[in-house]
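S.K.: Contents of upload_7.cif (mmCIF, C-alpha atoms):
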```
data_start
#
loop_
_atom_site.label_atom_id
_atom_site.label_comp_id
_atom_site.auth_asym_id
_atom_site.auth_seq_id
_atom_site.Cartn_x
_atom_site.Cartn_y
_atom_site.Cartn_z
CA MET A 499 189.88 -130.49 -69.48
CA ALA A 500 186.52 -128.72 -69.56
CA ASP A 501 185.95 -129.53 -65.87
CA ASP A 502 189.37 -128.12 -64.93
CA ARG A 503 188.66 -124.94 -66.89
CA ARG A 504 185.26 -124.57 -65.27
CA GLN A 505 186.73 -124.84 -61.79
CA ASP A 506 189.40 -122.28 -62.61
CA THR A 507 187.06 -119.73 -64.12
CA HIS A 508 184.49 -120.10 -61.36
CA SER A 509 187.00 -119.59 -58.56
CA ARG A 510 185.84 -116.42 -56.84
CA PRO A 511 189.31 -114.99 -56.03
CA THR A 512 190.66 -115.75 -59.54
CA THR A 513 187.65 -114.28 -61.30
CA SER A 514 187.60 -111.22 -59.07
CA ARG A 515 191.29 -110.50 -59.63
CA ARG A 516 190.98 -111.03 -63.38
CA ARG A 517 188.05 -108.62 -63.62
CA VAL A 518 189.93 -105.93 -61.66
CA LEU A 519 192.94 -106.28 -63.95
CA ALA A 520 190.73 -106.30 -67.03
CA VAL A 521 188.91 -103.13 -66.01
CA ALA A 522 192.25 -101.41 -65.49
CA ALA A 523 193.48 -102.56 -68.89
CA LEU A 524 190.37 -101.54 -70.79
CA ALA A 525 189.55 -98.29 -68.99
CA PRO A 526 191.93 -96.05 -70.98
CA VAL A 527 190.40 -97.21 -74.25
CA LEU A 528 186.84 -96.66 -73.07
CA THR A 529 187.66 -93.13 -71.98
CA GLY A 530 189.37 -92.28 -75.25
CA ALA A 531 192.93 -92.28 -73.93
CA PRO A 532 195.52 -94.49 -75.65
CA SER A 533 196.22 -97.86 -74.10
CA GLU A 534 199.31 -99.98 -74.55
CA ALA A 535 197.46 -102.35 -76.89
CA HIS A 536 196.06 -99.55 -79.06
CA ALA A 537 199.31 -97.59 -79.12
CA LEU A 538 200.90 -100.34 -81.22
CA SER A 539 201.38 -99.33 -84.84
CA THR A 540 202.28 -102.85 -85.96
CA ARG A 541 201.09 -106.35 -85.22
CA ASN A 542 203.13 -109.34 -86.33
CA GLY A 543 205.16 -106.99 -88.50
CA ARG A 544 202.07 -105.55 -90.21
CA ALA A 545 201.22 -101.84 -90.08
CA MET A 546 197.94 -101.33 -88.22
CA ALA A 547 195.46 -98.46 -88.36
CA GLU A 548 193.90 -97.30 -85.11
CA PRO A 549 190.44 -95.77 -84.57
CA VAL A 550 190.28 -92.04 -83.95
CA LEU A 551 187.80 -90.09 -81.85
CA THR A 552 185.29 -88.05 -83.82
CA LYS A 553 182.34 -85.77 -83.05
CA LEU A 554 178.71 -86.10 -84.09
CA ALA A 555 179.13 -83.15 -86.45
CA ASP A 556 181.82 -85.06 -88.35
CA TRP A 557 179.16 -87.51 -89.53
CA ALA A 558 176.51 -85.04 -90.70
CA ASP A 559 176.88 -86.04 -94.38
CA VAL A 560 176.73 -89.75 -93.51
CA GLY A 561 173.58 -89.23 -91.44
CA LYS A 562 171.98 -87.23 -94.26
CA ALA A 563 172.85 -89.93 -96.81
CA LEU A 564 171.52 -92.68 -94.52
CA GLY A 565 168.36 -90.68 -93.91
CA ARG A 566 168.30 -91.41 -90.18
CA PRO A 567 169.74 -89.70 -87.12
CA GLY A 568 172.67 -91.31 -85.33
CA ASP A 569 174.58 -90.85 -82.09
CA MET A 570 178.11 -91.32 -80.80
CA LYS A 571 179.20 -94.40 -78.84
CA ARG A 572 182.83 -93.68 -78.01
CA PHE A 573 184.69 -94.10 -81.31
CA MET A 574 181.58 -95.13 -83.24
CA TYR A 575 178.94 -93.20 -85.12
CA HIS A 576 175.98 -95.46 -84.47
CA THR A 577 172.48 -95.62 -85.93
CA GLY A 578 169.82 -97.97 -84.57
CA MET A 579 166.82 -99.10 -86.62
CA PRO A 580 164.57 -101.40 -84.57
CA ARG A 581 162.11 -103.48 -86.59
CA ASN A 582 159.06 -102.07 -84.83
CA ASP A 583 157.02 -103.09 -87.86
CA LEU A 584 157.40 -106.81 -87.10
CA THR A 585 155.36 -108.89 -84.67
CA VAL A 586 157.58 -111.86 -83.86
CA PHE A 587 156.85 -114.70 -81.43
CA THR A 588 159.27 -117.26 -80.01
CA ARG A 589 157.84 -120.08 -77.87
CA GLY A 590 154.75 -117.98 -77.22
CA VAL A 591 156.74 -114.89 -76.17
CA ARG A 592 156.16 -111.75 -78.21
CA ILE A 593 159.64 -110.35 -78.87
CA ASN A 594 160.21 -106.72 -77.99
CA PRO A 595 162.15 -105.27 -80.95
CA THR A 596 164.90 -104.04 -78.63
CA LEU A 597 165.42 -107.56 -77.27
CA ALA A 598 166.48 -109.14 -80.56
CA LEU A 599 165.06 -107.26 -83.56
CA GLY A 600 167.35 -104.24 -83.65
CA THR A 601 169.11 -103.38 -86.91
CA HIS A 602 172.15 -101.20 -86.24
CA VAL A 603 175.11 -99.83 -88.19
CA SER A 604 178.31 -98.20 -86.92
CA PHE A 605 180.98 -96.16 -88.71
CA VAL A 606 184.53 -95.70 -87.38
CA ARG A 607 187.23 -93.40 -88.76
CA TYR A 608 190.88 -94.51 -88.77
CA THR A 609 194.33 -92.99 -88.62
CA ASP A 610 194.87 -93.86 -92.30
CA HIS A 611 191.79 -91.68 -93.10
CA SER A 612 189.70 -94.69 -94.10
CA THR A 613 186.30 -95.54 -92.63
CA LEU A 614 184.95 -98.90 -91.48
CA LEU A 615 181.28 -99.83 -91.48
CA MET A 616 180.06 -102.75 -89.40
CA GLY A 617 176.45 -103.60 -88.66
CA ASP A 618 173.75 -106.19 -88.15
CA ALA A 619 170.50 -106.04 -90.12
CA VAL A 620 167.20 -107.75 -89.28
CA VAL A 621 165.26 -108.80 -92.38
CA THR A 622 162.39 -111.15 -93.10
CA GLU A 623 162.96 -114.21 -95.24
CA ARG A 624 160.97 -112.58 -98.05
CA GLU A 625 163.24 -109.52 -97.90
CA LEU A 626 166.54 -111.37 -97.54
CA GLN A 627 167.72 -112.06 -101.10
CA HIS A 628 166.76 -108.68 -102.58
CA PHE A 629 168.31 -106.93 -99.59
CA ILE A 630 171.57 -108.81 -100.19
CA ASP A 631 171.51 -108.02 -103.92
CA VAL A 632 171.25 -104.29 -103.26
CA LEU A 633 174.03 -104.42 -100.68
CA GLN A 634 176.28 -106.18 -103.15
CA ASP A 635 175.43 -103.64 -105.87
CA HIS A 636 176.85 -100.98 -103.53
CA GLY A 637 179.96 -102.90 -102.49
CA ILE A 638 178.74 -103.75 -98.99
CA MET A 639 179.79 -107.23 -97.86
CA GLN A 640 177.87 -109.81 -95.86
CA THR A 641 180.03 -111.54 -93.25
CA ALA A 642 177.34 -113.69 -91.59
CA ILE A 643 173.73 -114.72 -92.24
CA HIS A 644 172.13 -116.53 -89.33
CA LYS A 645 169.46 -116.73 -86.61
CA HIS A 646 169.27 -115.14 -83.17
CA LEU A 647 166.02 -116.80 -82.07
CA LEU A 648 164.55 -120.30 -81.88
CA ALA A 649 161.27 -121.39 -83.49
CA HIS A 650 160.15 -117.87 -84.32
CA GLU A 651 157.33 -116.66 -86.53
CA PRO A 652 157.51 -115.06 -89.02
CA ASP A 653 160.90 -116.21 -90.35
CA VAL A 654 163.53 -113.56 -89.68
CA TRP A 655 167.25 -113.52 -90.54
CA TRP A 656 170.17 -111.48 -89.26
CA VAL A 657 172.79 -110.24 -91.76
CA HIS A 658 176.16 -108.86 -90.64
CA LEU A 659 177.42 -105.99 -92.79
CA HIS A 660 180.94 -104.85 -93.56
CA ALA A 661 182.48 -102.14 -95.76
CA HIS A 662 185.83 -100.39 -95.67
CA GLY A 663 187.03 -97.51 -97.81
CA ASP A 664 187.42 -93.77 -98.23
CA ASP A 665 183.80 -92.77 -98.99
CA PRO A 666 181.48 -93.41 -96.05
CA VAL A 667 178.76 -91.27 -97.66
CA ALA A 668 178.58 -93.69 -100.60
CA VAL A 669 178.33 -96.58 -98.15
CA ALA A 670 175.52 -94.79 -96.31
CA ARG A 671 173.66 -94.31 -99.61
CA GLY A 672 174.03 -98.02 -100.31
CA LEU A 673 172.67 -98.90 -96.90
CA ARG A 674 169.73 -96.58 -97.43
CA ALA A 675 168.91 -98.21 -100.76
CA ALA A 676 169.08 -101.68 -99.19
CA PHE A 677 166.92 -100.77 -96.20
CA ALA A 678 164.40 -99.17 -98.55
CA CYS A 679 163.79 -102.69 -99.92
CA THR A 680 162.66 -103.84 -96.48
CA GLY A 681 159.91 -102.83 -94.11
CA THR A 682 162.41 -101.17 -91.76
CA PRO A 683 160.39 -98.22 -90.43
CA PRO A 684 161.57 -94.60 -90.40
CA ALA A 685 163.11 -93.16 -87.27
CA GLU A 686 160.65 -92.63 -84.43
CA PRO A 687 160.86 -89.98 -81.71
CA THR A 688 162.32 -91.14 -78.41
CA VAL A 689 159.66 -91.76 -75.78
CA THR A 690 159.99 -92.30 -72.05
CA SER A 691 159.72 -95.99 -71.23
CA PRO A 692 158.09 -97.34 -68.08
CA PRO A 693 160.37 -98.73 -65.35
CA ILE A 694 161.62 -102.24 -66.07
CA ASP A 695 159.76 -104.76 -63.91
CA LEU A 696 162.88 -106.68 -62.86
CA ASP A 697 165.24 -106.69 -59.88
CA THR A 698 168.02 -105.02 -61.86
CA PRO A 699 170.40 -104.51 -58.90
CA ALA A 700 170.24 -108.26 -58.26
CA ILE A 701 170.83 -108.95 -61.95
CA ASP A 702 173.87 -106.64 -61.85
CA ALA A 703 175.24 -108.44 -58.80
CA ALA A 704 174.67 -111.86 -60.33
CA LEU A 705 176.37 -111.01 -63.64
CA GLY A 706 179.07 -108.74 -62.23
CA VAL A 707 178.37 -105.79 -64.54
CA LYS A 708 176.30 -102.62 -64.29
CA GLY A 709 173.52 -102.95 -66.83
CA TYR A 710 171.33 -100.28 -68.36
CA ALA A 711 167.83 -99.82 -69.69
CA ASP A 712 167.29 -99.60 -73.44
CA GLY A 713 163.62 -98.85 -73.77
CA GLU A 714 161.80 -101.72 -72.06
CA ILE A 715 164.85 -104.04 -72.24
CA TYR A 716 167.60 -104.37 -69.63
CA LYS A 717 171.05 -104.96 -71.11
CA SER A 718 174.32 -106.25 -69.65
CA VAL A 719 177.39 -105.90 -71.87
CA PHE A 720 180.98 -107.16 -71.74
CA ALA A 721 183.90 -106.49 -74.12
CA ARG A 722 186.88 -108.64 -74.99
CA ARG A 723 189.86 -107.72 -72.87
CA GLU A 724 192.44 -108.08 -75.63
CA ALA A 725 192.71 -105.77 -78.63
CA ILE A 726 190.84 -107.18 -81.64
CA ALA A 727 191.96 -106.55 -85.21
CA ASP A 728 189.93 -106.88 -88.40
CA GLY A 729 192.54 -107.14 -91.12
CA HIS A 730 194.84 -104.16 -90.54
CA LEU A 731 192.25 -102.26 -88.48
CA ILE A 732 192.20 -102.24 -84.67
CA LEU A 733 188.56 -102.43 -83.59
CA PRO A 734 187.41 -100.11 -80.80
CA PRO A 735 185.89 -101.91 -77.79
CA GLY A 736 182.18 -102.44 -78.37
CA LEU A 737 182.38 -102.90 -82.14
CA GLY A 738 181.69 -106.46 -83.23
CA ALA A 739 183.32 -108.12 -80.22
CA THR A 740 180.94 -107.92 -77.26
CA THR A 741 178.98 -110.28 -75.07
CA SER A 742 175.43 -109.03 -74.59
CA VAL A 743 172.72 -110.35 -72.25
CA ASN A 744 169.29 -108.82 -72.85
CA PHE A 745 166.33 -109.19 -70.48
CA GLN A 746 162.67 -108.71 -71.43
CA ALA A 747 160.43 -108.67 -68.35
CA LEU A 748 157.53 -111.13 -68.37
CA GLY A 749 156.14 -110.34 -64.92
CA GLY A 750 156.68 -111.89 -61.50
CA GLY A 751 160.46 -111.58 -61.74
CA ARG A 752 160.56 -113.72 -64.88
CA ALA A 753 162.24 -112.71 -68.12
CA ALA A 754 162.93 -113.82 -71.63
CA ILE A 755 166.68 -113.61 -72.24
CA SER A 756 168.33 -113.33 -75.62
CA GLY A 757 171.92 -112.47 -76.40
CA ASP A 758 175.29 -113.77 -77.45
CA LEU A 759 178.69 -114.60 -75.99
CA VAL A 760 181.93 -113.71 -77.78
CA MET A 761 184.56 -116.45 -77.50
CA THR A 762 187.93 -117.56 -78.81
CA ALA A 763 188.18 -121.14 -80.08
CA GLU A 764 189.45 -122.59 -76.79
CA GLU A 765 186.62 -120.90 -74.88
CA VAL A 766 183.78 -122.25 -77.03
CA GLN A 767 183.25 -125.65 -75.39
CA PRO A 768 183.56 -124.46 -71.75
CA ALA A 769 181.08 -121.66 -72.49
CA LEU A 770 178.59 -123.94 -74.26
CA VAL A 771 178.77 -126.48 -71.43
CA ALA A 772 178.21 -123.73 -68.85
CA LEU A 773 175.17 -122.43 -70.74
CA ARG A 774 173.49 -125.81 -71.00
CA ARG A 775 174.27 -126.82 -67.40
CA ASN A 776 172.49 -123.66 -66.30
CA GLY A 777 169.32 -124.16 -68.32
CA VAL A 778 170.13 -121.86 -71.24
CA GLU A 779 169.24 -122.97 -74.77
CA LEU A 780 171.74 -122.70 -77.61
CA VAL A 781 170.60 -121.09 -80.87
CA GLU A 782 173.64 -120.83 -83.14
CA VAL A 783 177.45 -120.73 -83.09
CA HIS A 784 179.08 -118.68 -85.84
CA HIS A 785 181.49 -115.88 -86.80
CA HIS A 786 180.61 -112.20 -87.22
CA ASN A 787 183.76 -111.21 -89.13
CA LEU A 788 185.95 -112.75 -91.81
CA THR A 789 189.46 -111.52 -90.93
CA ASP A 790 189.38 -110.93 -87.17
CA GLU A 791 192.41 -111.63 -84.98
CA PRO A 792 192.16 -113.39 -82.64
CA ARG A 793 189.46 -115.44 -84.40
CA LEU A 794 186.19 -114.93 -82.58
CA PHE A 795 183.11 -117.12 -82.34
CA PHE A 796 179.66 -116.14 -81.10
CA VAL A 797 176.93 -118.25 -79.55
CA HIS A 798 173.40 -116.89 -79.51
CA PHE A 799 171.28 -118.15 -76.64
CA TRP A 800 167.71 -118.10 -75.35
CA ALA A 801 166.14 -118.70 -71.93
CA VAL A 802 162.91 -117.99 -70.06
CA GLY A 803 162.67 -118.08 -66.29
CA ASP A 804 163.56 -116.27 -63.09
CA ALA A 805 165.72 -113.37 -64.28
CA VAL A 806 168.15 -113.32 -61.34
CA LYS A 807 168.67 -117.10 -61.36
CA LEU A 808 169.28 -117.07 -65.09
CA ALA A 809 171.73 -114.19 -64.68
CA ALA A 810 173.64 -116.20 -62.07
CA GLY A 811 173.76 -119.16 -64.44
CA LEU A 812 174.92 -117.02 -67.35
CA ARG A 813 177.73 -115.68 -65.14
CA HIS A 814 179.38 -119.13 -65.32
CA ALA A 815 179.47 -118.93 -69.12
CA VAL A 816 180.69 -115.32 -69.11
CA ASP A 817 183.46 -116.27 -66.68
CA ALA A 818 184.66 -118.94 -69.12
CA THR A 819 185.64 -116.12 -71.52
CA ASN A 820 188.22 -113.34 -71.40
CA VAL A 821 185.87 -110.37 -71.16
CA VAL A 822 185.57 -107.29 -69.00
CA PRO A 823 182.40 -105.45 -67.94
CA MET A 824 181.59 -102.59 -70.28
CA PRO A 825 180.02 -99.50 -68.69
CA PRO A 826 176.70 -98.16 -70.00
CA GLY A 827 177.21 -96.27 -73.24
CA GLY A 828 180.36 -98.18 -74.15
CA ALA A 829 178.80 -100.67 -76.54
CA GLY A 830 178.05 -100.17 -80.18
#
```
Can you dump the structure from the file as structure tokens?
M.R.:
Amino acid sequence: MADDRRQDTHSRPTTSRRRVLAVAALAPVLTGAPSEAHALSTRNGRAMAEPVLTKLADWADVGKALGRPGDMKRFMYHTGMPRNDLTVFTRGVRINPTLALGTHVSFVRYTDHSTLLMGDAVVTERELQHFIDVLQDHGIMQTAIHKHLLAHEPDVWWVHLHAHGDDPVAVARGLRAAFACTGTPPAEPTVTSPPIDLDTPAIDAALGVKGYADGEIYKSVFARREAIADGHLILPPGLGATTSVNFQALGGGRAAISGDLVMTAEEVQPALVALRRNGVELVEVHHHNLTDEPRLFFVHFWAVGDAVKLAAGLRHAVDATNVVPMPPGGAG
């Protein structure tokens, strides 16, 4: 069965046609216009709340309570907090914080006037339990605690965050209190990064998506084609349901690659097989959410080698899943 699936998903005409259809289906959502999937007010007889577009000014009180500036990513008010204070090595590679050490939180407003918080926090093992205690004191849930990297020093954990209610400012205060218990540094001014020493056009061609530079890291992002719900909330594309491939240049066309694939249950085995057959190491398979529909799994992966060849290999795994390329700026 896995071999049949692999042949189907790797067929150039089938994959090409699917991607064209997927782009057409997802484009209205990414531009802020309603799509057929997001126009639905019910799912399986249940009333659903849809995300609404907001402006940066709408989140001024949240930003003040969090104590850090944020920006808008489509429907999401997003704040990134890279762990620039940590020096982490995996297999002799010093990890750029943007590759795999980026804490981030996103807020989304809904048609029922509620607000959803989702995020991913990077904490050391010494920080982990106290960080969780403070989150729980403020009603912020943990939906996953896991690893993104293999054999890394010092020990670092990734904690997925979730809160839903009518007072996003209170949630932001809780986040601030929790991050204050860690070494997460204050916001730093944006600086111009040097050009990325990789053949990024060739990477784009190999993966079939236009990537973008985030500091010294090159990122390629895909979103699930179908609408994803978390409980009664429709998630905007880019929130908690993306495939991300991140490249850190090592010189000579080589890169360290870290990222994750988003998969439904039937896609897990074909994707894992495709990763291993193309020289990519598996780190962890897990969930990010508790009540998502369809149920989504994520596999974190790691590889070091020729960046373009690895991108071509990763394309096989990406093609085993129902995702569509996400344009720069679309991911949260």
S.K.: Run through the PyMOL selection byres ((chain A and resi 778) around 7) on the given coordinates and return the selected residues as a list of chain:residue names.
M.R.: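 So the PyMOL selection byres ((chain A and resi 778) around 7) ends up selecting A:Leu773, A:Arg774, A:Asn776, A:Gly777, A:Glu779, A:Leu780, A:Phe799, A:Trp800, A:Ala801.
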S.K.: Please report the interatomic distance between atom CA of Val657 of chain A and atom CA of Thr680 of chain A in Å with one decimal.
M.R.: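 Going from atom CA of Val657 of chain A over to atom CA of Thr680 of chain A covers 12.9 Å.
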S.K.: Nearest to Asn594 of chain A: which of A:Gly578, A:Pro768, A:Pro735, A:Gly713 is it, counting all atoms listed in the file?
M.R.: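 For Asn594 of chain A, the nearest of the given residues is A:Gly713.
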S.K.: Run the PyMOL selection byres ((chain A and resi 723-732) around 6) mentally over the shown coordinates, then write out the matched residues as a ChimeraX atom specification, using the chain letters and numbers from the document.
M.R.: /A:546-548,722,733,789-791,821-822
S.K.: Taking the file as I've supplied it (selection: the PyMOL selection byres ((chain A and resi 749-754) around 6)), which residues are included? Please answer as a ChimeraX atom specification.
M.R.: /A:696,745-748,755,801-805
S.K.: Considering only C-alpha atoms, tabulate each residue of segment 585-666 of chain A that lies at most 9 Å from segment 552-568 of chain A along with its nearest interatomic pair and the corresponding distance in Å to one decimal; arrange the rows by chain and ascending residue number and present them as a tab-separated table.
M.R.:
```
residue	atom	partner	partner_atom	distance
A:Phe605	CA	A:Trp557	CA	8.9
A:Val606	CA	A:Thr552	CA	8.5
A:Arg607	CA	A:Thr552	CA	7.5
A:Pro666	CA	A:Val560	CA	6.5
```
S.K.: Out of A:Ser604, A:Thr622, A:Ser742, A:Thr690, which residue has the shortest atom-to-atom distance to Asp569 of chain A when counting only C-alpha atoms?
M.R.: A:Ser604
S.K.: Report the distance between atom CA of Val719 of chain A and atom CA of Val591 of chain A in Å, rounded to one decimal place.
M.R.: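 According to the coordinates, atom CA of Val719 of chain A and atom CA of Val591 of chain A are separated by 22.9 Å.
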S.K.: Applying 10 Å and all atoms listed in the file, which residues near Thr588 of chain A remain after dropping the ones on its own chain fewer than 5 positions away? List them as a PDB file with C-alpha atoms, in the frame of the given file.
M.R.:
```
ATOM      1  CA  ILE A 593     159.640-110.350 -78.870  1.00  0.00           C
ATOM      2  CA  LEU A 647     166.020-116.800 -82.070  1.00  0.00           C
ATOM      3  CA  LEU A 648     164.550-120.300 -81.880  1.00  0.00           C
ATOM      4  CA  ALA A 649     161.270-121.390 -83.490  1.00  0.00           C
ATOM      5  CA  HIS A 650     160.150-117.870 -84.320  1.00  0.00           C
ATOM      6  CA  GLU A 651     157.330-116.660 -86.530  1.00  0.00           C
ATOM      7  CA  PRO A 652     157.510-115.060 -89.020  1.00  0.00           C
ATOM      8  CA  ALA A 754     162.930-113.820 -71.630  1.00  0.00           C
ATOM      9  CA  TRP A 800     167.710-118.100 -75.350  1.00  0.00           C
TER      10      TRP A 800
END
```
S.K.: Just want the 9 Å neighbourhood of Val621 of chain A, counted on all atoms listed in the file, with same-chain residues fewer than 3 positions away dropped. Output as number ranges by chain.
M.R.: A: 581, 599, 601, 624-626, 629, 653-657, 680-682
S.K.: Measuring between all atoms listed in the file, which one of A:Ala676, A:Thr641, A:His646, A:Met570 shows the shortest distance to Val781 of chain A?
M.R.: A:His646
S.K.: Between atom CA of Ser718 of chain A and atom CA of Val743 of chain A, measure the distance and give it in Å to one decimal.
M.R.: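 If I compute the distance from atom CA of Ser718 of chain A to atom CA of Val743 of chain A, I get 5.1 Å.
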S.K.: Since the input lacks some atoms of segment 574-589 of chain A, please model N, CA, C and O atoms and print them as a PDB file, in the coordinates of the input.
M.R.:
```
ATOM      1  N   MET A 574     182.496 -94.712 -82.189  1.00  0.00           N
ATOM      2  CA  MET A 574     181.580 -95.130 -83.240  1.00  0.00           C
ATOM      3  C   MET A 574     180.442 -94.149 -83.469  1.00  0.00           C
ATOM      4  O   MET A 574     179.821 -93.671 -82.521  1.00  0.00           O
ATOM      5  N   TYR A 575     180.168 -93.885 -84.740  1.00  0.00           N
ATOM      6  CA  TYR A 575     178.940 -93.200 -85.120  1.00  0.00           C
ATOM      7  C   TYR A 575     177.906 -94.281 -85.364  1.00  0.00           C
ATOM      8  O   TYR A 575     178.035 -95.088 -86.281  1.00  0.00           O
ATOM      9  N   HIS A 576     176.883 -94.319 -84.542  1.00  0.00           N
ATOM     10  CA  HIS A 576     175.980 -95.460 -84.470  1.00  0.00           C
ATOM     11  C   HIS A 576     174.550 -95.026 -84.814  1.00  0.00           C
ATOM     12  O   HIS A 576     174.075 -93.979 -84.371  1.00  0.00           O
ATOM     13  N   THR A 577     173.878 -95.855 -85.606  1.00  0.00           N
ATOM     14  CA  THR A 577     172.480 -95.620 -85.930  1.00  0.00           C
ATOM     15  C   THR A 577     171.700 -96.901 -85.697  1.00  0.00           C
ATOM     16  O   THR A 577     172.040 -97.960 -86.249  1.00  0.00           O
ATOM     17  N   GLY A 578     170.677 -96.823 -84.860  1.00  0.00           N
ATOM     18  CA  GLY A 578     169.820 -97.970 -84.570  1.00  0.00           C
ATOM     19  C   GLY A 578     168.522 -97.883 -85.352  1.00  0.00           C
ATOM     20  O   GLY A 578     167.961 -96.794 -85.523  1.00  0.00           O
ATOM     21  N   MET A 579     168.059 -99.034 -85.833  1.00  0.00           N
ATOM     22  CA  MET A 579     166.820 -99.100 -86.620  1.00  0.00           C
ATOM     23  C   MET A 579     165.997-100.303 -86.175  1.00  0.00           C
ATOM     24  O   MET A 579     165.990-101.340 -86.848  1.00  0.00           O
ATOM     25  N   PRO A 580     165.343-100.245 -85.040  1.00  0.00           N
ATOM     26  CA  PRO A 580     164.570-101.400 -84.570  1.00  0.00           C
ATOM     27  C   PRO A 580     163.438-101.734 -85.532  1.00  0.00           C
ATOM     28  O   PRO A 580     162.805-100.841 -86.100  1.00  0.00           O
ATOM     29  N   ARG A 581     163.192-103.038 -85.706  1.00  0.00           N
ATOM     30  CA  ARG A 581     162.110-103.480 -86.590  1.00  0.00           C
ATOM     31  C   ARG A 581     160.787-103.454 -85.836  1.00  0.00           C
ATOM     32  O   ARG A 581     160.173-104.489 -85.562  1.00  0.00           O
ATOM     33  N   ASN A 582     160.327-102.242 -85.538  1.00  0.00           N
ATOM     34  CA  ASN A 582     159.060-102.070 -84.830  1.00  0.00           C
ATOM     35  C   ASN A 582     157.870-102.483 -85.684  1.00  0.00           C
ATOM     36  O   ASN A 582     156.745-102.576 -85.174  1.00  0.00           O
ATOM     37  N   ASP A 583     158.108-102.706 -86.974  1.00  0.00           N
ATOM     38  CA  ASP A 583     157.020-103.090 -87.860  1.00  0.00           C
ATOM     39  C   ASP A 583     156.701-104.582 -87.777  1.00  0.00           C
ATOM     40  O   ASP A 583     155.660-105.019 -88.282  1.00  0.00           O
ATOM     41  N   LEU A 584     157.580-105.357 -87.144  1.00  0.00           N
ATOM     42  CA  LEU A 584     157.400-106.810 -87.100  1.00  0.00           C
ATOM     43  C   LEU A 584     156.784-107.255 -85.775  1.00  0.00           C
ATOM     44  O   LEU A 584     157.126-106.742 -84.708  1.00  0.00           O
ATOM     45  N   THR A 585     155.905-108.223 -85.857  1.00  0.00           N
ATOM     46  CA  THR A 585     155.360-108.890 -84.670  1.00  0.00           C
ATOM     47  C   THR A 585     155.890-110.319 -84.691  1.00  0.00           C
ATOM     48  O   THR A 585     155.451-111.149 -85.501  1.00  0.00           O
ATOM     49  N   VAL A 586     156.877-110.581 -83.846  1.00  0.00           N
ATOM     50  CA  VAL A 586     157.580-111.860 -83.860  1.00  0.00           C
ATOM     51  C   VAL A 586     157.357-112.583 -82.529  1.00  0.00           C
ATOM     52  O   VAL A 586     157.480-111.971 -81.453  1.00  0.00           O
ATOM     53  N   PHE A 587     157.041-113.864 -82.615  1.00  0.00           N
ATOM     54  CA  PHE A 587     156.850-114.700 -81.430  1.00  0.00           C
ATOM     55  C   PHE A 587     157.871-115.820 -81.410  1.00  0.00           C
ATOM     56  O   PHE A 587     158.173-116.414 -82.455  1.00  0.00           O
ATOM     57  N   THR A 588     158.424-116.096 -80.241  1.00  0.00           N
ATOM     58  CA  THR A 588     159.270-117.260 -80.010  1.00  0.00           C
ATOM     59  C   THR A 588     158.738-118.000 -78.789  1.00  0.00           C
ATOM     60  O   THR A 588     158.645-117.417 -77.708  1.00  0.00           O
ATOM     61  N   ARG A 589     158.353-119.249 -78.975  1.00  0.00           N
ATOM     62  CA  ARG A 589     157.840-120.080 -77.870  1.00  0.00           C
ATOM     63  C   ARG A 589     156.725-119.366 -77.109  1.00  0.00           C
ATOM     64  O   ARG A 589     156.658-119.415 -75.886  1.00  0.00           O
TER      65      ARG A 589
END
```
